[in-house]
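> Input: one structure, supplied below.
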Amino acid sequence: MALKPSEGELALLSGQDVLSSKTLTYEQLQLIMKTAAYYEDALVNKRRLFDMEGEIAAILFFEPSTRTRLSFEAAMYRLGGSAITVSETPQMQTSSTAKGETLYDAMRVIDGYADVIVVRSPKTGAGQESADACDHPVINAGDGTGQHPSQALLDIYTILKEHGHIEGLKVAVLGDLKYGRAPHSLVYFLKHYGCDLVLVSPPQLKMPEEITAEMRSAGIKVEETSDLKIGVAEADVLYVTRVQRERFPSLEEYELVKDSYTVNDEVVAAAKKGMSILHPLPRVHEIAVSVDSYPGAAYFRQAHNGVPIRMALLALTTGNVR
Amino acid sequence: MALKPSEGELALLSGQDVLSSKTLTYEQLQLIMKTAAYYEDALVNKRRLFDMEGEIAAILFFEPSTRTRLSFEAAMYRLGGSAITVSETPQMQTSSTAKGETLYDAMRVIDGYADVIVVRSPKTGAGQESADACDHPVINAGDGTGQHPSQALLDIYTILKEHGHIEGLKVAVLGDLKYGRAPHSLVYFLKHYGCDLVLVSPPQLKMPEEITAEMRSAGIKVEETSDLKIGVAEADVLYVTRVQRERFPSLEEYELVKDSYTVNDEVVAAAKKGMSILHPLPRVHEIAVSVDSYPGAAYFRQAHNGVPIRMALLALTTGNVR
Amino acid sequence: MALKPSEGELALLSGQDVLSSKTLTYEQLQLIMKTAAYYEDALVNKRRLFDMEGEIAAILFFEPSTRTRLSFEAAMYRLGGSAITVSETPQMQTSSTAKGETLYDAMRVIDGYADVIVVRSPKTGAGQESADACDHPVINAGDGTGQHPSQALLDIYTILKEHGHIEGLKVAVLGDLKYGRAPHSLVYFLKHYGCDLVLVSPPQLKMPEEITAEMRSAGIKVEETSDLKIGVAEADVLYVTRVQRERFPSLEEYELVKDSYTVNDEVVAAAKKGMSILHPLPRVHEIAVSVDSYPGAAYFRQAHNGVPIRMALLALTTGNVR
C-alpha cells in the first residue's frame, strides 16, 4: 500500500505553481511521484476521496487538447472537487481575450472563481503570465513551444511503475528531438536520475546541443544516432514521439525518413527483453497497431497514469492531500 | 412506490454495453423500465441519490446533440456522480482524432479516465468500435445511421407511463419511416409486446420491407398507409417524426406532401379518446403548437423521461443500482 | 458574521424568476445583498455548503460570455450543486434551435433536466420567453440589448462593500451611456438609494432622456457632463464602461474622443480621497494598467463578487438557502 507523504514533504509544493519541468527540484519530483502512487492506490481500491470536496479547479484550454483536459477534470472529480472549464478552438475565441482583454486581466478575474488554475495556451509564456495574475496556484498544461510539465511527470511515473526504478536504465528517446516539447521536458527530469540516454532522430531533428551538453555535465551518458535499430539495441525504455511532416523541406524527404522511424514487430523482436515502449499519444504511424499486444507496450497505461499524476498536482499545490 | 430490482435482475446488465435496440432482450428491457421507474420515484420525491458517488461518466459527443448530452449529464449528476464531456461540431474537431488518431486509440485512452462511456458519433459503427476499445461499459448515444437505443427506451417508457401497458395497443408511427433511426429502433422494441402497428408515411418513405417482415413474423399486426386520417383513426399512440425536405427530389414535391403529415387540432379532434402523441423532438412543423395543450400531448413529458431512463442505463451497466 | 435571512425574507424570491433589474423590488434587492453577504462569509471562512446538493442548474449560453458562465458554474458548485452547460458561439449553433426548433420548445425540454435555468442569448426578450416555457426559476444572464440583472446586482454589492452604504454617495457613471446595458441596469437599482448621479459621456452617447427623467422623478440628483475631470471631481464612486469604436461615424472621431475618457494616474490623483473605481470588465483602454495598484481600484474585487451574488440568486430562487 502506498503511503501518504509526511507534512514536511507536503510543504514542498503547497501554495506553489507548477510551470516548468526545469524548475522542479528532485525533492518536489519525488513528492509528486509518491503522492500519485498514494492516489492511484485509492483509485485501484475504489476508495472514495474527499480531499478537494467543495473546491473548484478552473481548467482553461485556450487551445484544444481533449485528452489533457479530460484527465485534469477526471483528476479533480476523483478528488471530490469540481471543475469549471473553458475549451476553445482558434476559430471560436469565445473568451473575452478576443475582445482585446489581456490574458492577465482574464486570469485575475478567474482567479476569484477557483482554488487552483490549470491553463493551456498556444502562447509561450502563458503559464508564467497566468501565475503573475493569480493568487491561487497555477499549473501549466502546455504553453506554445514552452513547457508541459504534467506530461513529463506522467512519463517519469510510468517508467517508475514499469521498471521499479530509473537509475541504471538505458532510455532511448525517438522522434523529433529538435522541436518536440515532450522529449525536452522528459530529459530535464531524467537528469535527476542516473540513467543513460540514447537519442534517436533524423539528422535534421537532433536534440539541441545546449540540452545534451547540460545532460552530460550532469553526469548522464548520452549517445546519439539516426539508426533506430542501433538506438533500440540495448534500451530498457523506448520513448517514441512523432516525426511531423511539417518539419521537412519536402514531402519526398519526409516519406524517405518516415518509415525508418516506425516501431513495428520487427523492431520489438530485436529489442532487449522487458523493454517498455512509451508514447505521449496521439500516435499516427510511429507505432504499428500490432505492437499494442506486446506486453511492454505501455503507452495506454501511460495515458491512464495522467489521472493520478494530475490528482497529485491539484491536491499538492492547494495543500489538500489528506 | 417503485421497487428496486432484485440482485438477479441487476446481473442482466451489470458490466454490459448498450449498443443497439436489436440486441437487448425482453428481460433487459423490462429491467431498464423497472429501474427507470425506481429512479423517477426518487426524483419526484426529491430523494438524494449516491448510487454513483465518486464515479465518472465520459460523455463524448463527436456530433452535436445538446438535449441528449444534457440529459445524460443530468442523469449522472442525479445519481451523485460526475461527468467529463466532449461536445464537438464538425467545424471544431478539437479531439485528437483530427490529428489522425483512430477512434480506437482515443477511446482506449479515455477508458482510463472514467467508469462508463457514452458516445455519440456521426460514424455508423462507432458504438461497437468504442466498446472494443473500452474495458468499461459503453452506451451508444447515436452512431450515424445506426442505433440510438436510449431514445427508443424512453419512447417505450413513455408509452408505459401514459397507458400503463403496451400489450393490445394500436401504435401509429408517422413520418420518414425509411431513413428514420427513431422509428426503426422503436419498432424493434415494440416487437416484444403484443401491440398492433400502423405505419403512416409518404409512399417514397415507407418502412423497409425487411423490418415489416420481421415484425409480422414476430406476430405483430402491421398496417401501412399514406393517409394520416386513416392511420390515426383507431390509434392509441401516435408517434410522430419529421419528414425532411432533403428526402424529396424537389422542394415542390416536399411542399405538396408536408402539410398532409402535420398533426393539428383537426387531426387530434378526429382521434380516439385518450390517444397519446409522442415525438422524439426537436419538432418543426410536424405538430402544430396549438396541440401542446391537448392532454394526450406527451412529447415534453417524453423528453423529461430521458433522465430516469439514462440514470437506469448508467447505474445498471456499471452495477451501481443501490 | 453575516446573518442568514429570515424565512419571511426568503419567501420574497423563492420560486421567482429574475429577469430584469426594473422589476426587482427594493426588498428583493436587499434580500439578495444580505444573502450574498451570508454566502461570502462562508466562502471566506471556507465553510463547505450543501444548500443545493443534488440539485442541477442548466447554464445555457447561446452567446459566449466566458466569465459570466464560469461564475454561475462556480456559484453552483460552491453551493454543493451541479451544472449542465451549453456554451455556443454564433458559428457553432450546436443546439437544436439551429434545426428550426423554437426557443420555447428547447427551454421546455431542458426545464425537465434541471432545478433552475440560467440563460444568456443574443435575442432580446429571451429571458421572458424562457420563463414562459419553464416551471423552474429562470435567471436572465443577458438577453441582447435587454437586461443583465446579475451584473447590476454585483455592482451594487460592490459599492456596498467598498463604502458600507450607498445613501449620500456621489456616483459618477462614465462611458457609453446611450447603448450600454450595464449603466442602464445600474441606475435602475441606484434609484432605490438616496445617492447623487454624475453622468459622464461624449455628447453623442448621453443617457436616454426617459431614464434620467425617471431618476429625477425618484428624487435622484442627476448631473450630466462630457468632461471626465468635472465628472470625477467630487465622486465617491467612478463606474467606468467602454466607449466602443463602432458607435462613432468614423475612426477619426473615435480617436479624438477615446483618450479623454481614459482613467489614468492623473485622473486618479485629482479624485476625491477614497474614491472607488468599478468596471464591469473586460476593459481595453478605458482604465490604464497603472491604476490597478490604486487601493480604490475595485474592478477585480467587483468581478469576484459575482460568485456570492450568483450563489444568492441560485439559492434564493430555488428556495434553497439553508
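If you're wondering about the labels, chains in the C-alpha cells are A, B, ... by order shown, residues count from 1 in each chain, ligands from 1 in order shown.
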Go through segment 54-211 of chain C and collect every residue that DSSP, computed from the backbone, puts in helix (DSSP H, G or I); the answer should be as a VMD selection string.

chain C and resid 66 to 78 96 to 99 103 to 110 126 to 133 149 to 163 181 to 190 203 to 205 209 to 211

> Can you work out which residues from chain A touch chain C at a cut-off of 12 Å (counting only C-alpha atoms) and hand them back as a ChimeraX atom specification?

/A:50,52-60,62,77,80-89,91-115,133-134

> Can you pull out every residue within 9 Å of Leu169 of chain B, counting only C-alpha atoms, but drop anything in the same chain fewer than 3 positions away, and send it as a VMD selection string?

chain B and resid 163 165 to 166 194 to 197 235 to 237

> Next, the residues of the selection above should be written as an mmCIF file, in the first residue's frame with N, CA and C atoms.


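Printed below is result-v3.cif as written:
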```
data_model
loop_
_atom_site.group_PDB
_atom_site.id
_atom_site.type_symbol
_atom_site.label_atom_id
_atom_site.label_comp_id
_atom_site.auth_asym_id
_atom_site.auth_seq_id
_atom_site.Cartn_x
_atom_site.Cartn_y
_atom_site.Cartn_z
ATOM 1 N N HIS B 163 -49.988 4.904 -20.713
ATOM 2 C CA HIS B 163 -51.092 3.953 -20.892
ATOM 3 C C HIS B 163 -51.103 2.824 -19.871
ATOM 4 N N HIS B 165 -49.616 0.115 -20.000
ATOM 5 C CA HIS B 165 -49.231 -1.148 -20.670
ATOM 6 C C HIS B 165 -49.030 -0.865 -22.159
ATOM 7 N N ILE B 166 -48.444 -1.816 -22.870
ATOM 8 C CA ILE B 166 -48.309 -1.669 -24.321
ATOM 9 C C ILE B 166 -49.126 -2.747 -25.033
ATOM 10 N N GLY B 194 -47.206 -7.427 -27.440
ATOM 11 C CA GLY B 194 -48.289 -7.792 -28.360
ATOM 12 C C GLY B 194 -49.117 -6.584 -28.757
ATOM 13 N N CYS B 195 -48.550 -5.677 -29.565
ATOM 14 C CA CYS B 195 -49.310 -4.500 -29.985
ATOM 15 C C CYS B 195 -49.453 -4.481 -31.504
ATOM 16 N N ASP B 196 -50.402 -3.704 -32.001
ATOM 17 C CA ASP B 196 -50.590 -3.551 -33.441
ATOM 18 C C ASP B 196 -49.870 -2.301 -33.927
ATOM 19 N N LEU B 197 -49.335 -2.374 -35.146
ATOM 20 C CA LEU B 197 -48.618 -1.234 -35.725
ATOM 21 C C LEU B 197 -49.377 -0.662 -36.909
ATOM 22 N N ALA B 235 -55.864 4.717 -33.488
ATOM 23 C CA ALA B 235 -54.591 4.601 -32.759
ATOM 24 C C ALA B 235 -54.742 4.990 -31.293
ATOM 25 N N ASP B 236 -54.035 4.264 -30.430
ATOM 26 C CA ASP B 236 -53.917 4.637 -29.023
ATOM 27 C C ASP B 236 -52.700 5.526 -28.805
ATOM 28 N N VAL B 237 -51.696 5.284 -29.656
ATOM 29 C CA VAL B 237 -50.453 6.057 -29.582
ATOM 30 C C VAL B 237 -50.131 6.572 -30.973
#
```

> Per DSSP on the backbone, filter segment 153-213 of chain C down to the residues in strand (DSSP E or B) and report them as a PyMOL selection string.

chain C and resi 170-174+196-200

> Extract, using only C-alpha atoms, all DNA, RNA and protein residues at most 10 Å from Arg242 of chain A, discarding same-chain residues fewer than 2 positions from it, and format them as a list in words.

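Selected residues are Leu174, Gly175, Asp176, Leu177, Gly180, Val240, Gln244, Arg245, Lys258, Tyr261, Thr262, His279, Pro280, Leu281, Pro282, Arg283, Val284, His285, Glu286 and Ile287 of chain A.
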
> Between atom CA of Gly296 of chain B and atom CA of Lys206 of chain B, what distance in Å does the model show, to one decimal?

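We find that atom CA of Gly296 of chain B and atom CA of Lys206 of chain B lie 26.0 Å from each other.
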
> Record the distance separating atom CA of Lys4 of chain A and atom CA of Ala315 of chain A, expressed in Å with one decimal.

12.2 Å

> Please identify all polymer residues within 9 Å of Pro122 of chain A, counting only C-alpha atoms, omitting same-chain residues fewer than 3 positions from it, and present them as a ChimeraX atom specification.

/A:62-63,126,142-145

> Kindly give the distance, in Å, that separates atom CA of Val119 of chain B and atom CA of Thr68 of chain B, rounded to a single decimal.

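Going from atom CA of Val119 of chain B over to atom CA of Thr68 of chain B covers 10.7 Å.
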
> Counting only C-alpha atoms, which of B:Asp132, B:Asp51, B:Asp17, B:Glu167 gets nearest to Asn320 of chain B?

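Answer, going by the shortest atom-to-atom distance: B:Asp51.
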
> Which polymer residues have any atom within 7 Å of an atom of segment 21-29 of chain B, counting only C-alpha atoms, with same-chain residues fewer than 2 positions away left out, as a PyMOL selection string?

chain B and resi 12-13+31-33+149+185+188-189+192

> Just the selected residues (N, CA and C atoms), exported as a PDB file, in the first residue's frame, please.


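Okay, this is what ended up in selection_25.pdb:
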```
ATOM      1  N   LEU B  12     -28.384  -8.825 -15.065  1.00  0.00           N
ATOM      2  CA  LEU B  12     -28.641  -8.910 -16.512  1.00  0.00           C
ATOM      3  C   LEU B  12     -27.928  -7.823 -17.310  1.00  0.00           C
ATOM      4  N   LEU B  13     -27.578  -6.697 -16.689  1.00  0.00           N
ATOM      5  CA  LEU B  13     -26.933  -5.608 -17.440  1.00  0.00           C
ATOM      6  C   LEU B  13     -25.614  -5.147 -16.834  1.00  0.00           C
ATOM      7  N   LEU B  31     -35.996  -4.772 -17.216  1.00  0.00           N
ATOM      8  CA  LEU B  31     -35.140  -4.324 -16.119  1.00  0.00           C
ATOM      9  C   LEU B  31     -34.894  -2.818 -16.210  1.00  0.00           C
ATOM     10  N   ILE B  32     -34.650  -2.351 -17.425  1.00  0.00           N
ATOM     11  CA  ILE B  32     -34.407  -0.909 -17.609  1.00  0.00           C
ATOM     12  C   ILE B  32     -35.662  -0.118 -17.234  1.00  0.00           C
ATOM     13  N   MET B  33     -36.828  -0.603 -17.640  1.00  0.00           N
ATOM     14  CA  MET B  33     -38.089   0.092 -17.317  1.00  0.00           C
ATOM     15  C   MET B  33     -38.308   0.142 -15.804  1.00  0.00           C
ATOM     16  N   PRO B 149     -30.168   3.608 -28.910  1.00  0.00           N
ATOM     17  CA  PRO B 149     -31.112   2.840 -28.078  1.00  0.00           C
ATOM     18  C   PRO B 149     -31.742   3.621 -26.931  1.00  0.00           C
ATOM     19  N   SER B 185     -35.665   1.938 -34.401  1.00  0.00           N
ATOM     20  CA  SER B 185     -35.317   1.430 -33.066  1.00  0.00           C
ATOM     21  C   SER B 185     -36.574   1.132 -32.265  1.00  0.00           C
ATOM     22  N   TYR B 188     -38.381  -2.179 -33.154  1.00  0.00           N
ATOM     23  CA  TYR B 188     -37.656  -3.363 -32.675  1.00  0.00           C
ATOM     24  C   TYR B 188     -37.988  -3.653 -31.220  1.00  0.00           C
ATOM     25  N   PHE B 189     -38.224  -2.618 -30.447  1.00  0.00           N
ATOM     26  CA  PHE B 189     -38.633  -2.829 -29.057  1.00  0.00           C
ATOM     27  C   PHE B 189     -40.108  -3.241 -28.980  1.00  0.00           C
ATOM     28  N   HIS B 192     -41.447  -6.873 -28.967  1.00  0.00           N
ATOM     29  CA  HIS B 192     -41.513  -7.695 -27.748  1.00  0.00           C
ATOM     30  C   HIS B 192     -42.892  -7.665 -27.094  1.00  0.00           C
TER      31      HIS B 192
END
```
